[in-house]
>>> print(open('coords.cif').read())   # mmCIF, C-alpha atoms and all ligand atoms; chains and numbers go by the auth columns
data_my_file
#
loop_
_atom_site.group_PDB
_atom_site.id
_atom_site.type_symbol
_atom_site.label_atom_id
_atom_site.label_comp_id
_atom_site.label_asym_id
_atom_site.label_seq_id
_atom_site.Cartn_x
_atom_site.Cartn_y
_atom_site.Cartn_z
_atom_site.B_iso_or_equiv
_atom_site.auth_seq_id
_atom_site.auth_asym_id
ATOM 1 C CA MET A 1 -145.673 -176.793 178.086 0.00 1 D
ATOM 2 C CA VAL A 2 -142.198 -176.098 179.423 0.00 2 D
ATOM 3 C CA LEU A 3 -140.768 -179.557 179.085 0.00 3 D
ATOM 4 C CA ALA A 4 -141.845 -179.809 175.447 0.00 4 D
ATOM 5 C CA ASP A 5 -140.143 -176.522 174.828 0.00 5 D
ATOM 6 C CA THR A 6 -136.915 -177.523 176.518 0.00 6 D
ATOM 7 C CA GLU A 7 -137.030 -180.671 174.381 0.00 7 D
ATOM 8 C CA ASP A 8 -137.270 -178.808 171.063 0.00 8 D
ATOM 9 C CA THR A 9 -134.386 -176.604 172.049 0.00 9 D
ATOM 10 C CA TRP A 10 -132.075 -179.345 173.297 0.00 10 D
ATOM 11 C CA HIS A 11 -132.878 -181.622 170.368 0.00 11 D
ATOM 12 C CA ALA A 12 -131.726 -178.915 167.988 0.00 12 D
ATOM 13 C CA LEU A 13 -128.588 -178.233 169.959 0.00 13 D
ATOM 14 C CA PHE A 14 -127.563 -181.870 170.353 0.00 14 D
ATOM 15 C CA LYS A 15 -128.010 -182.322 166.631 0.00 15 D
ATOM 16 C CA GLN A 16 -125.336 -179.683 166.113 0.00 16 D
ATOM 17 C CA LEU A 17 -123.091 -181.569 168.528 0.00 17 D
ATOM 18 C CA ASP A 18 -123.863 -184.784 166.701 0.00 18 D
ATOM 19 C CA VAL A 19 -125.077 -186.422 169.893 0.00 19 D
ATOM 20 C CA ARG A 20 -128.453 -188.077 170.189 0.00 20 D
ATOM 21 C CA TYR A 21 -130.740 -186.322 172.629 0.00 21 D
ATOM 22 C CA GLN A 22 -132.950 -188.604 174.704 0.00 22 D
ATOM 23 C CA GLU A 23 -135.788 -186.893 176.473 0.00 23 D
ATOM 24 C CA PRO A 24 -136.096 -186.992 180.240 0.00 24 D
ATOM 25 C CA THR A 25 -139.365 -187.908 181.932 0.00 25 D
ATOM 26 C CA LEU A 26 -141.036 -185.344 184.116 0.00 26 D
ATOM 27 C CA VAL A 27 -142.463 -186.593 187.402 0.00 27 D
ATOM 28 C CA LEU A 28 -144.602 -184.214 189.441 0.00 28 D
ATOM 29 C CA PHE A 29 -145.030 -185.093 193.075 0.00 29 D
ATOM 30 C CA SER A 30 -146.048 -183.698 196.401 0.00 30 D
ATOM 31 C CA GLY A 31 -145.217 -185.376 199.652 0.00 31 D
ATOM 32 C CA THR A 32 -142.891 -188.240 198.880 0.00 32 D
ATOM 33 C CA VAL A 33 -141.681 -190.095 195.818 0.00 33 D
ATOM 34 C CA SER A 34 -139.458 -193.067 195.164 0.00 34 D
ATOM 35 C CA SER A 35 -136.899 -192.865 192.376 0.00 35 D
ATOM 36 C CA ALA A 36 -133.928 -194.890 191.170 0.00 36 D
ATOM 37 C CA CYS A 37 -131.912 -192.460 193.291 0.00 37 D
ATOM 38 C CA GLY A 38 -133.769 -193.436 196.444 0.00 38 D
ATOM 39 C CA PHE A 39 -136.700 -192.274 198.440 0.00 39 D
ATOM 40 C CA ALA A 40 -137.371 -188.542 198.402 0.00 40 D
ATOM 41 C CA LYS A 41 -139.272 -186.335 200.766 0.00 41 D
ATOM 42 C CA ALA A 42 -140.846 -183.139 199.507 0.00 42 D
ATOM 43 C CA ALA A 43 -138.558 -181.177 201.801 0.00 43 D
ATOM 44 C CA MET A 44 -135.583 -181.918 199.571 0.00 44 D
ATOM 45 C CA GLY A 45 -137.082 -179.966 196.679 0.00 45 D
ATOM 46 C CA PRO A 46 -136.908 -180.736 192.974 0.00 46 D
ATOM 47 C CA PHE A 47 -134.144 -182.999 191.690 0.00 47 D
ATOM 48 C CA TYR A 48 -132.896 -184.929 188.698 0.00 48 D
ATOM 49 C CA CYS A 49 -132.043 -188.620 188.983 0.00 49 D
ATOM 50 C CA PRO A 50 -129.350 -189.658 186.454 0.00 50 D
ATOM 51 C CA ALA A 51 -130.058 -193.364 186.999 0.00 51 D
ATOM 52 C CA ASP A 52 -133.641 -193.226 185.700 0.00 52 D
ATOM 53 C CA ARG A 53 -133.274 -190.005 183.695 0.00 53 D
ATOM 54 C CA LYS A 54 -136.271 -188.427 185.327 0.00 54 D
ATOM 55 C CA VAL A 55 -136.834 -184.866 186.485 0.00 55 D
ATOM 56 C CA TYR A 56 -138.700 -184.872 189.804 0.00 56 D
ATOM 57 C CA ILE A 57 -140.591 -181.699 190.536 0.00 57 D
ATOM 58 C CA ASP A 58 -141.862 -181.300 194.029 0.00 58 D
ATOM 59 C CA LEU A 59 -145.007 -179.175 193.721 0.00 59 D
ATOM 60 C CA SER A 60 -144.881 -177.986 197.308 0.00 60 D
ATOM 61 C CA PHE A 61 -141.533 -176.391 196.460 0.00 61 D
ATOM 62 C CA TYR A 62 -143.389 -174.000 194.173 0.00 62 D
ATOM 63 C CA ASP A 63 -145.539 -172.921 197.119 0.00 63 D
ATOM 64 C CA ASP A 64 -142.385 -172.399 199.174 0.00 64 D
ATOM 65 C CA LEU A 65 -140.822 -170.343 196.408 0.00 65 D
ATOM 66 C CA ARG A 66 -143.809 -168.054 196.423 0.00 66 D
ATOM 67 C CA SER A 67 -144.663 -167.857 200.089 0.00 67 D
ATOM 68 C CA GLN A 68 -141.300 -168.251 201.833 0.00 68 D
ATOM 69 C CA HIS A 69 -138.730 -167.129 199.307 0.00 69 D
ATOM 70 C CA GLY A 70 -140.582 -164.255 197.631 0.00 70 D
ATOM 71 C CA ALA A 71 -140.201 -165.747 194.153 0.00 71 D
ATOM 72 C CA PRO A 72 -143.683 -166.171 192.659 0.00 72 D
ATOM 73 C CA GLY A 73 -144.635 -166.477 189.012 0.00 73 D
ATOM 74 C CA ASP A 74 -144.853 -169.067 186.305 0.00 74 D
ATOM 75 C CA PHE A 75 -141.390 -168.339 185.025 0.00 75 D
ATOM 76 C CA ALA A 76 -139.878 -168.957 188.441 0.00 76 D
ATOM 77 C CA GLN A 77 -141.294 -172.458 188.023 0.00 77 D
ATOM 78 C CA VAL A 78 -139.999 -172.700 184.480 0.00 78 D
ATOM 79 C CA TYR A 79 -136.516 -171.854 185.709 0.00 79 D
ATOM 80 C CA VAL A 80 -136.696 -174.701 188.232 0.00 80 D
ATOM 81 C CA ILE A 81 -137.595 -177.225 185.535 0.00 81 D
ATOM 82 C CA ALA A 82 -135.028 -175.825 183.108 0.00 82 D
ATOM 83 C CA HIS A 83 -132.332 -176.157 185.785 0.00 83 D
ATOM 84 C CA GLU A 84 -133.196 -179.833 186.326 0.00 84 D
ATOM 85 C CA VAL A 85 -133.261 -180.449 182.576 0.00 85 D
ATOM 86 C CA GLY A 86 -129.815 -178.812 182.602 0.00 86 D
ATOM 87 C CA HIS A 87 -128.705 -181.673 184.870 0.00 87 D
ATOM 88 C CA HIS A 88 -130.141 -184.117 182.347 0.00 88 D
ATOM 89 C CA VAL A 89 -128.069 -182.476 179.613 0.00 89 D
ATOM 90 C CA GLN A 90 -124.977 -182.776 181.844 0.00 90 D
ATOM 91 C CA ASN A 91 -125.795 -186.438 182.313 0.00 91 D
ATOM 92 C CA LEU A 92 -126.093 -187.100 178.573 0.00 92 D
ATOM 93 C CA LEU A 93 -122.834 -185.276 177.906 0.00 93 D
ATOM 94 C CA GLY A 94 -121.015 -187.379 180.525 0.00 94 D
ATOM 95 C CA ILE A 95 -120.286 -184.400 182.765 0.00 95 D
ATOM 96 C CA SER A 96 -122.220 -185.725 185.762 0.00 96 D
ATOM 97 C CA ASP A 97 -120.327 -189.034 185.682 0.00 97 D
ATOM 98 C CA ARG A 98 -116.964 -187.304 185.582 0.00 98 D
ATOM 99 C CA VAL A 99 -117.923 -185.119 188.536 0.00 99 D
ATOM 100 C CA GLN A 100 -119.257 -188.090 190.445 0.00 100 D
ATOM 101 C CA SER A 101 -116.065 -190.111 190.102 0.00 101 D
ATOM 102 C CA ALA A 102 -113.810 -187.125 190.775 0.00 102 D
ATOM 103 C CA ARG A 103 -115.698 -186.448 193.993 0.00 103 D
ATOM 104 C CA GLN A 104 -114.840 -189.879 195.330 0.00 104 D
ATOM 105 C CA ARG A 105 -111.170 -188.956 195.378 0.00 105 D
ATOM 106 C CA MET A 106 -111.641 -185.645 197.163 0.00 106 D
ATOM 107 C CA SER A 107 -112.200 -184.160 200.563 0.00 107 D
ATOM 108 C CA GLU A 108 -115.728 -183.113 201.358 0.00 108 D
ATOM 109 C CA ALA A 109 -114.966 -179.405 200.950 0.00 109 D
ATOM 110 C CA GLN A 110 -113.349 -180.003 197.535 0.00 110 D
ATOM 111 C CA GLY A 111 -116.265 -182.195 196.541 0.00 111 D
ATOM 112 C CA ASN A 112 -118.659 -179.439 197.494 0.00 112 D
ATOM 113 C CA GLN A 113 -116.781 -177.015 195.271 0.00 113 D
ATOM 114 C CA LEU A 114 -117.146 -179.377 192.360 0.00 114 D
ATOM 115 C CA SER A 115 -120.834 -179.711 193.111 0.00 115 D
ATOM 116 C CA VAL A 116 -121.149 -175.911 193.005 0.00 116 D
ATOM 117 C CA ARG A 117 -119.568 -175.928 189.534 0.00 117 D
ATOM 118 C CA LEU A 118 -122.039 -178.548 188.371 0.00 118 D
ATOM 119 C CA GLU A 119 -124.997 -176.598 189.769 0.00 119 D
ATOM 120 C CA LEU A 120 -123.907 -173.254 188.372 0.00 120 D
ATOM 121 C CA GLN A 121 -123.474 -174.908 184.999 0.00 121 D
ATOM 122 C CA ALA A 122 -127.060 -176.170 185.214 0.00 122 D
ATOM 123 C CA ASP A 123 -128.157 -172.589 185.960 0.00 123 D
ATOM 124 C CA CYS A 124 -126.191 -171.365 182.967 0.00 124 D
ATOM 125 C CA LEU A 125 -127.731 -174.071 180.780 0.00 125 D
ATOM 126 C CA SER A 126 -131.207 -173.024 181.827 0.00 126 D
ATOM 127 C CA GLY A 127 -130.419 -169.430 180.811 0.00 127 D
ATOM 128 C CA ASP A 128 -128.970 -170.744 177.574 0.00 128 D
ATOM 129 C CA TRP A 129 -132.168 -172.702 176.945 0.00 129 D
ATOM 130 C CA ALA A 130 -134.388 -169.708 177.724 0.00 130 D
ATOM 131 C CA ILE A 131 -132.707 -167.477 175.175 0.00 131 D
ATOM 132 C CA ARG A 132 -132.628 -170.157 172.468 0.00 132 D
ATOM 133 C CA ALA A 133 -136.285 -170.988 173.014 0.00 133 D
ATOM 134 C CA ASP A 134 -137.147 -167.307 172.909 0.00 134 D
ATOM 135 C CA ARG A 135 -135.253 -166.784 169.666 0.00 135 D
ATOM 136 C CA ALA A 136 -137.058 -169.736 168.110 0.00 136 D
ATOM 137 C CA ARG A 137 -140.522 -169.251 169.522 0.00 137 D
ATOM 138 C CA SER A 138 -140.722 -165.948 171.443 0.00 138 D
ATOM 139 C CA ILE A 139 -141.542 -167.606 174.740 0.00 139 D
ATOM 140 C CA LEU A 140 -140.507 -164.763 177.031 0.00 140 D
ATOM 141 C CA GLU A 141 -143.086 -162.305 178.271 0.00 141 D
ATOM 142 C CA VAL A 142 -142.477 -159.081 180.134 0.00 142 D
ATOM 143 C CA GLY A 143 -141.370 -159.880 183.684 0.00 143 D
ATOM 144 C CA ASP A 144 -140.439 -163.505 182.989 0.00 144 D
ATOM 145 C CA LEU A 145 -136.709 -163.074 183.336 0.00 145 D
ATOM 146 C CA GLU A 146 -137.105 -161.096 186.533 0.00 146 D
ATOM 147 C CA GLU A 147 -139.130 -163.988 187.938 0.00 147 D
ATOM 148 C CA ALA A 148 -136.415 -166.464 187.015 0.00 148 D
ATOM 149 C CA LEU A 149 -133.659 -164.271 188.413 0.00 149 D
ATOM 150 C CA ARG A 150 -135.573 -163.799 191.648 0.00 150 D
ATOM 151 C CA ALA A 151 -135.955 -167.562 191.951 0.00 151 D
ATOM 152 C CA ALA A 152 -132.240 -168.122 191.265 0.00 152 D
ATOM 153 C CA ALA A 153 -131.380 -165.594 193.968 0.00 153 D
ATOM 154 C CA ALA A 154 -133.889 -167.104 196.390 0.00 154 D
ATOM 155 C CA ILE A 155 -132.288 -170.529 196.367 0.00 155 D
ATOM 156 C CA GLY A 156 -128.629 -169.558 196.714 0.00 156 D
ATOM 157 C CA ASP A 157 -126.896 -171.492 199.494 0.00 157 D
ATOM 158 C CA ASP A 158 -126.032 -168.361 201.457 0.00 158 D
ATOM 159 C CA ARG A 159 -129.598 -167.157 201.526 0.00 159 D
ATOM 160 C CA LEU A 160 -131.008 -170.572 202.401 0.00 160 D
ATOM 161 C CA GLN A 161 -128.477 -171.132 205.172 0.00 161 D
ATOM 162 C CA LYS A 162 -129.109 -167.706 206.617 0.00 162 D
ATOM 163 C CA GLN A 163 -132.841 -168.343 206.617 0.00 163 D
ATOM 164 C CA ALA A 164 -132.509 -171.771 208.151 0.00 164 D
ATOM 165 C CA ARG A 165 -129.975 -171.108 210.911 0.00 165 D
ATOM 166 C CA GLY A 166 -128.905 -167.489 210.778 0.00 166 D
ATOM 167 C CA TYR A 167 -125.315 -167.910 209.599 0.00 167 D
ATOM 168 C CA VAL A 168 -123.447 -168.983 206.472 0.00 168 D
ATOM 169 C CA THR A 169 -120.602 -171.501 205.951 0.00 169 D
ATOM 170 C CA PRO A 170 -119.297 -171.202 202.374 0.00 170 D
ATOM 171 C CA ASP A 171 -117.327 -174.483 202.591 0.00 171 D
ATOM 172 C CA SER A 172 -120.601 -176.348 202.833 0.00 172 D
ATOM 173 C CA PHE A 173 -122.117 -174.708 199.754 0.00 173 D
ATOM 174 C CA THR A 174 -123.202 -177.255 197.166 0.00 174 D
ATOM 175 C CA HIS A 175 -125.175 -175.030 194.765 0.00 175 D
ATOM 176 C CA GLY A 176 -123.499 -171.631 194.874 0.00 176 D
ATOM 177 C CA SER A 177 -124.399 -168.297 196.416 0.00 177 D
ATOM 178 C CA SER A 178 -127.398 -166.263 195.313 0.00 178 D
ATOM 179 C CA GLU A 179 -125.114 -163.867 193.490 0.00 179 D
ATOM 180 C CA GLN A 180 -123.375 -166.709 191.626 0.00 180 D
ATOM 181 C CA ARG A 181 -126.623 -168.413 190.656 0.00 181 D
ATOM 182 C CA VAL A 182 -128.052 -165.200 189.250 0.00 182 D
ATOM 183 C CA ARG A 183 -124.819 -164.406 187.429 0.00 183 D
ATOM 184 C CA TRP A 184 -124.511 -167.824 185.756 0.00 184 D
ATOM 185 C CA PHE A 185 -128.145 -167.927 184.721 0.00 185 D
ATOM 186 C CA ARG A 186 -127.679 -164.463 183.251 0.00 186 D
ATOM 187 C CA ARG A 187 -124.486 -165.520 181.506 0.00 187 D
ATOM 188 C CA GLY A 188 -126.273 -168.390 179.731 0.00 188 D
ATOM 189 C CA LEU A 189 -128.987 -165.985 178.771 0.00 189 D
ATOM 190 C CA GLU A 190 -126.686 -163.297 177.437 0.00 190 D
ATOM 191 C CA MET A 191 -124.137 -165.475 175.676 0.00 191 D
ATOM 192 C CA GLY A 192 -126.532 -168.058 174.264 0.00 192 D
ATOM 193 C CA LYS A 193 -123.781 -170.537 173.519 0.00 193 D
ATOM 194 C CA LEU A 194 -122.864 -173.730 175.274 0.00 194 D
ATOM 195 C CA ALA A 195 -119.161 -172.954 175.649 0.00 195 D
ATOM 196 C CA ALA A 196 -120.063 -169.966 177.816 0.00 196 D
ATOM 197 C CA CYS A 197 -121.353 -172.397 180.447 0.00 197 D
ATOM 198 C CA ASP A 198 -118.008 -174.088 181.124 0.00 198 D
ATOM 199 C CA THR A 199 -117.900 -173.547 184.877 0.00 199 D
ATOM 200 C CA PHE A 200 -115.192 -176.184 185.247 0.00 200 D
ATOM 201 C CA SER A 201 -112.396 -174.270 183.550 0.00 201 D
ATOM 202 C CA LYS A 202 -113.006 -171.069 185.497 0.00 202 D
ATOM 203 C CA GLU A 203 -110.618 -170.236 188.304 0.00 203 D
ATOM 204 C CA ARG A 204 -113.181 -168.030 190.006 0.00 204 D
ATOM 205 C CA LEU A 205 -116.858 -168.732 189.737 0.00 205 D
HETATM 206 ZN ZN ZN B . -129.334 -178.629 190.614 0.00 301 D
#
>>> encode(input="coords.cif", output="structure tokens")
Amino acid sequence: MVLADTEDTWHALFKQLDVRYQEPTLVLFSGTVSSACGFAKAAMGPFYCPADRKVYIDLSFYDDLRSQHGAPGDFAQVYVIAHEVGHHVQNLLGISDRVQSARQRMSEAQGNQLSVRLELQADCLSGDWAIRADRARSILEVGDLEEALRAAAAIGDDRLQKQARGYVTPDSFTHGSSEQRVRWFRRGLEMGKLAACDTFSKERL
């Protein structure tokens, strides 16, 4: 089970950091769900709610990944969960809070840029997890990484905006472009160390 595996990996890593790792709860839903972050419709996709520390996975999103975004496969799904667990890690490390309060003092465009940094870091953390888990327990099978990379590319803001309305407005990006999402996932994977995922100190993402 993916979540169990992300737990083993993050427990070990937090121990090195001397921070206690508290596990998130995984909530699978289709249709609608209510969380401490409000009421969610399936259309919004998977999300993490810092207030209740739960990862909400919208099962219909997996169908969309396969049928509409050309990103099938079990590891595409694993990447989605690992990304949300990445947000949980950011929450435990206090990164999400800092971003949240900084955003209140910014314009919307600046806030969006900060959101992109947070999201790309979560992508990097999921790559970081994948390589650590593979080193420890050989979880990766042939084709897995391609599935994850395809999923990361499929849900870049530019691609989603183009699909939805035919044009792209980079100022409104909140998650990063397809190219950025693939690159940061890959970076986590290749570097395999937390410091490599510092998207906040980078001038260019
Ligand atoms: Zn995210």
>>> residues_near_ligand(input="coords.cif", ligand="ligand ZN 301 (chain D)", cutoff="12 Å", atoms="all atoms listed in the file", output="PyMOL selection string")
chain D and resi 44-50+55-57+79-91+96+115-126+152+155-157+174-176+181
>>> write_last_selection(input="coords.cif", atoms="C-alpha atoms", output="compact mmCIF listing (two decimals), in the coordinates of the input")
# COMPACT_ATOMS: atom_id res chain seq x y z
CA MET D 44 -135.58 -181.92 199.57
CA GLY D 45 -137.08 -179.97 196.68
CA PRO D 46 -136.91 -180.74 192.97
CA PHE D 47 -134.14 -183.00 191.69
CA TYR D 48 -132.90 -184.93 188.70
CA CYS D 49 -132.04 -188.62 188.98
CA PRO D 50 -129.35 -189.66 186.45
CA VAL D 55 -136.83 -184.87 186.48
CA TYR D 56 -138.70 -184.87 189.80
CA ILE D 57 -140.59 -181.70 190.54
CA TYR D 79 -136.52 -171.85 185.71
CA VAL D 80 -136.70 -174.70 188.23
CA ILE D 81 -137.60 -177.22 185.54
CA ALA D 82 -135.03 -175.82 183.11
CA HIS D 83 -132.33 -176.16 185.78
CA GLU D 84 -133.20 -179.83 186.33
CA VAL D 85 -133.26 -180.45 182.58
CA GLY D 86 -129.82 -178.81 182.60
CA HIS D 87 -128.71 -181.67 184.87
CA HIS D 88 -130.14 -184.12 182.35
CA VAL D 89 -128.07 -182.48 179.61
CA GLN D 90 -124.98 -182.78 181.84
CA ASN D 91 -125.80 -186.44 182.31
CA SER D 96 -122.22 -185.72 185.76
CA SER D 115 -120.83 -179.71 193.11
CA VAL D 116 -121.15 -175.91 193.00
CA ARG D 117 -119.57 -175.93 189.53
CA LEU D 118 -122.04 -178.55 188.37
CA GLU D 119 -125.00 -176.60 189.77
CA LEU D 120 -123.91 -173.25 188.37
CA GLN D 121 -123.47 -174.91 185.00
CA ALA D 122 -127.06 -176.17 185.21
CA ASP D 123 -128.16 -172.59 185.96
CA CYS D 124 -126.19 -171.36 182.97
CA LEU D 125 -127.73 -174.07 180.78
CA SER D 126 -131.21 -173.02 181.83
CA ALA D 152 -132.24 -168.12 191.26
CA ILE D 155 -132.29 -170.53 196.37
CA GLY D 156 -128.63 -169.56 196.71
CA ASP D 157 -126.90 -171.49 199.49
CA THR D 174 -123.20 -177.26 197.17
CA HIS D 175 -125.18 -175.03 194.76
CA GLY D 176 -123.50 -171.63 194.87
CA ARG D 181 -126.62 -168.41 190.66
>>> closest_residue(input="coords.cif", among="D:Leu92, D:Leu160, D:Val19, D:Leu145", to="D:Ala130", atoms="all atoms listed in the file")
D:Leu145
>>> closest_residue(input="coords.cif", among="D:Pro24, D:Arg165, D:Leu189, D:Tyr62", to="D:Ala76", atoms="all atoms listed in the file")
D:Tyr62
>>> resolve_selection(input="coords.cif", expression="the PyMOL selection byres (((chain D and resi 172) around 10) and not hetatm)", output="compact mmCIF listing (two decimals) with C-alpha atoms, in the frame of the given file")
# COMPACT_ATOMS: atom_id res chain seq x y z
CA GLU D 108 -115.73 -183.11 201.36
CA ALA D 109 -114.97 -179.40 200.95
CA GLN D 110 -113.35 -180.00 197.54
CA GLY D 111 -116.26 -182.20 196.54
CA ASN D 112 -118.66 -179.44 197.49
CA GLN D 113 -116.78 -177.02 195.27
CA VAL D 116 -121.15 -175.91 193.00
CA ASP D 157 -126.90 -171.49 199.49
CA ASP D 158 -126.03 -168.36 201.46
CA GLN D 161 -128.48 -171.13 205.17
CA VAL D 168 -123.45 -168.98 206.47
CA THR D 169 -120.60 -171.50 205.95
CA PRO D 170 -119.30 -171.20 202.37
CA ASP D 171 -117.33 -174.48 202.59
CA PHE D 173 -122.12 -174.71 199.75
CA THR D 174 -123.20 -177.26 197.17
CA HIS D 175 -125.18 -175.03 194.76
CA GLY D 176 -123.50 -171.63 194.87
>>> closest_residue(input="coords.cif", among="D:Ala12, D:Val142, D:Leu3, D:Leu59", to="D:Gly31", atoms="only C-alpha atoms")
D:Leu59
>>> closest_residue(input="coords.cif", among="D:Leu93, D:Arg53, D:Gln68, D:Asp198", to="D:Asp18", atoms="all atoms listed in the file")
D:Leu93
>>> axis_aligned_box(input="coords.cif", around="stretch 170-183 of chain D", padding_each_side="3 Å", output="lines of an AutoDock Vina configuration file")
center_x = -122.7
center_y = -170.6
center_z = 195.1
size_x = 16.7
size_y = 19.4
size_z = 21.4
>>> atom_distance(input="coords.cif", atom1="atom CA of D:Asp52", atom2="atom CA of D:Thr32")
16.9 Å
>>> residues_around(input="coords.cif", residues="D:Ala71", least_positions_apart="6", cutoff="8 Å", atoms="only C-alpha atoms", output="mmCIF file with C-alpha atoms, keeping the file's coordinate frame")
data_model
loop_
_atom_site.group_PDB
_atom_site.id
_atom_site.type_symbol
_atom_site.label_atom_id
_atom_site.label_comp_id
_atom_site.auth_asym_id
_atom_site.auth_seq_id
_atom_site.Cartn_x
_atom_site.Cartn_y
_atom_site.Cartn_z
ATOM 1 C CA LEU D 65 -140.822 -170.343 196.408
ATOM 2 C CA GLU D 147 -139.130 -163.988 187.938
ATOM 3 C CA ARG D 150 -135.573 -163.799 191.648
ATOM 4 C CA ALA D 151 -135.955 -167.562 191.951
ATOM 5 C CA ALA D 154 -133.889 -167.104 196.390
#
>>> closest_residue(input="coords.cif", among="D:Cys197, D:Leu28, D:Met106, D:Val2", to="D:Val78", atoms="all atoms listed in the file")
D:Val2
>>> build_atoms(input="coords.cif", residues="stretch 26-37 of chain D", atoms="N, CA, C and O atoms", output="PDB file, in the frame of the given file")
ATOM      1  N   LEU D  26    -140.702-186.271 183.042  1.00  0.00           N
ATOM      2  CA  LEU D  26    -141.036-185.344 184.116  1.00  0.00           C
ATOM      3  C   LEU D  26    -141.987-186.025 185.103  1.00  0.00           C
ATOM      4  O   LEU D  26    -143.010-186.576 184.712  1.00  0.00           O
ATOM      5  N   VAL D  27    -141.605-186.011 186.367  1.00  0.00           N
ATOM      6  CA  VAL D  27    -142.463-186.593 187.402  1.00  0.00           C
ATOM      7  C   VAL D  27    -142.851-185.495 188.387  1.00  0.00           C
ATOM      8  O   VAL D  27    -141.986-184.888 189.015  1.00  0.00           O
ATOM      9  N   LEU D  28    -144.139-185.205 188.475  1.00  0.00           N
ATOM     10  CA  LEU D  28    -144.602-184.214 189.441  1.00  0.00           C
ATOM     11  C   LEU D  28    -145.033-184.940 190.700  1.00  0.00           C
ATOM     12  O   LEU D  28    -145.711-185.956 190.627  1.00  0.00           O
ATOM     13  N   PHE D  29    -144.599-184.439 191.839  1.00  0.00           N
ATOM     14  CA  PHE D  29    -145.030-185.093 193.075  1.00  0.00           C
ATOM     15  C   PHE D  29    -145.223-184.083 194.196  1.00  0.00           C
ATOM     16  O   PHE D  29    -144.700-182.977 194.157  1.00  0.00           O
ATOM     17  N   SER D  30    -146.035-184.465 195.155  1.00  0.00           N
ATOM     18  CA  SER D  30    -146.048-183.698 196.401  1.00  0.00           C
ATOM     19  C   SER D  30    -146.059-184.725 197.522  1.00  0.00           C
ATOM     20  O   SER D  30    -146.637-185.790 197.401  1.00  0.00           O
ATOM     21  N   GLY D  31    -145.372-184.409 198.582  1.00  0.00           N
ATOM     22  CA  GLY D  31    -145.217-185.376 199.652  1.00  0.00           C
ATOM     23  C   GLY D  31    -143.937-186.160 199.442  1.00  0.00           C
ATOM     24  O   GLY D  31    -142.853-185.636 199.572  1.00  0.00           O
ATOM     25  N   THR D  32    -144.084-187.415 199.051  1.00  0.00           N
ATOM     26  CA  THR D  32    -142.891-188.240 198.880  1.00  0.00           C
ATOM     27  C   THR D  32    -142.911-188.911 197.514  1.00  0.00           C
ATOM     28  O   THR D  32    -143.948-188.992 196.863  1.00  0.00           O
ATOM     29  N   VAL D  33    -141.758-189.386 197.095  1.00  0.00           N
ATOM     30  CA  VAL D  33    -141.681-190.095 195.818  1.00  0.00           C
ATOM     31  C   VAL D  33    -140.508-191.067 195.893  1.00  0.00           C
ATOM     32  O   VAL D  33    -139.529-190.815 196.597  1.00  0.00           O
ATOM     33  N   SER D  34    -140.626-192.199 195.202  1.00  0.00           N
ATOM     34  CA  SER D  34    -139.458-193.067 195.164  1.00  0.00           C
ATOM     35  C   SER D  34    -138.894-193.038 193.746  1.00  0.00           C
ATOM     36  O   SER D  34    -139.626-193.029 192.766  1.00  0.00           O
ATOM     37  N   SER D  35    -137.570-192.951 193.670  1.00  0.00           N
ATOM     38  CA  SER D  35    -136.899-192.865 192.376  1.00  0.00           C
ATOM     39  C   SER D  35    -135.743-193.855 192.381  1.00  0.00           C
ATOM     40  O   SER D  35    -135.431-194.440 193.424  1.00  0.00           O
ATOM     41  N   ALA D  36    -135.098-194.018 191.232  1.00  0.00           N
ATOM     42  CA  ALA D  36    -133.928-194.890 191.170  1.00  0.00           C
ATOM     43  C   ALA D  36    -132.796-194.335 192.033  1.00  0.00           C
ATOM     44  O   ALA D  36    -131.820-195.016 192.310  1.00  0.00           O
ATOM     45  N   CYS D  37    -132.920-193.081 192.433  1.00  0.00           N
ATOM     46  CA  CYS D  37    -131.912-192.460 193.291  1.00  0.00           C
ATOM     47  C   CYS D  37    -132.295-192.559 194.762  1.00  0.00           C
ATOM     48  O   CYS D  37    -131.666-191.944 195.612  1.00  0.00           O
TER      49      CYS D  37
END
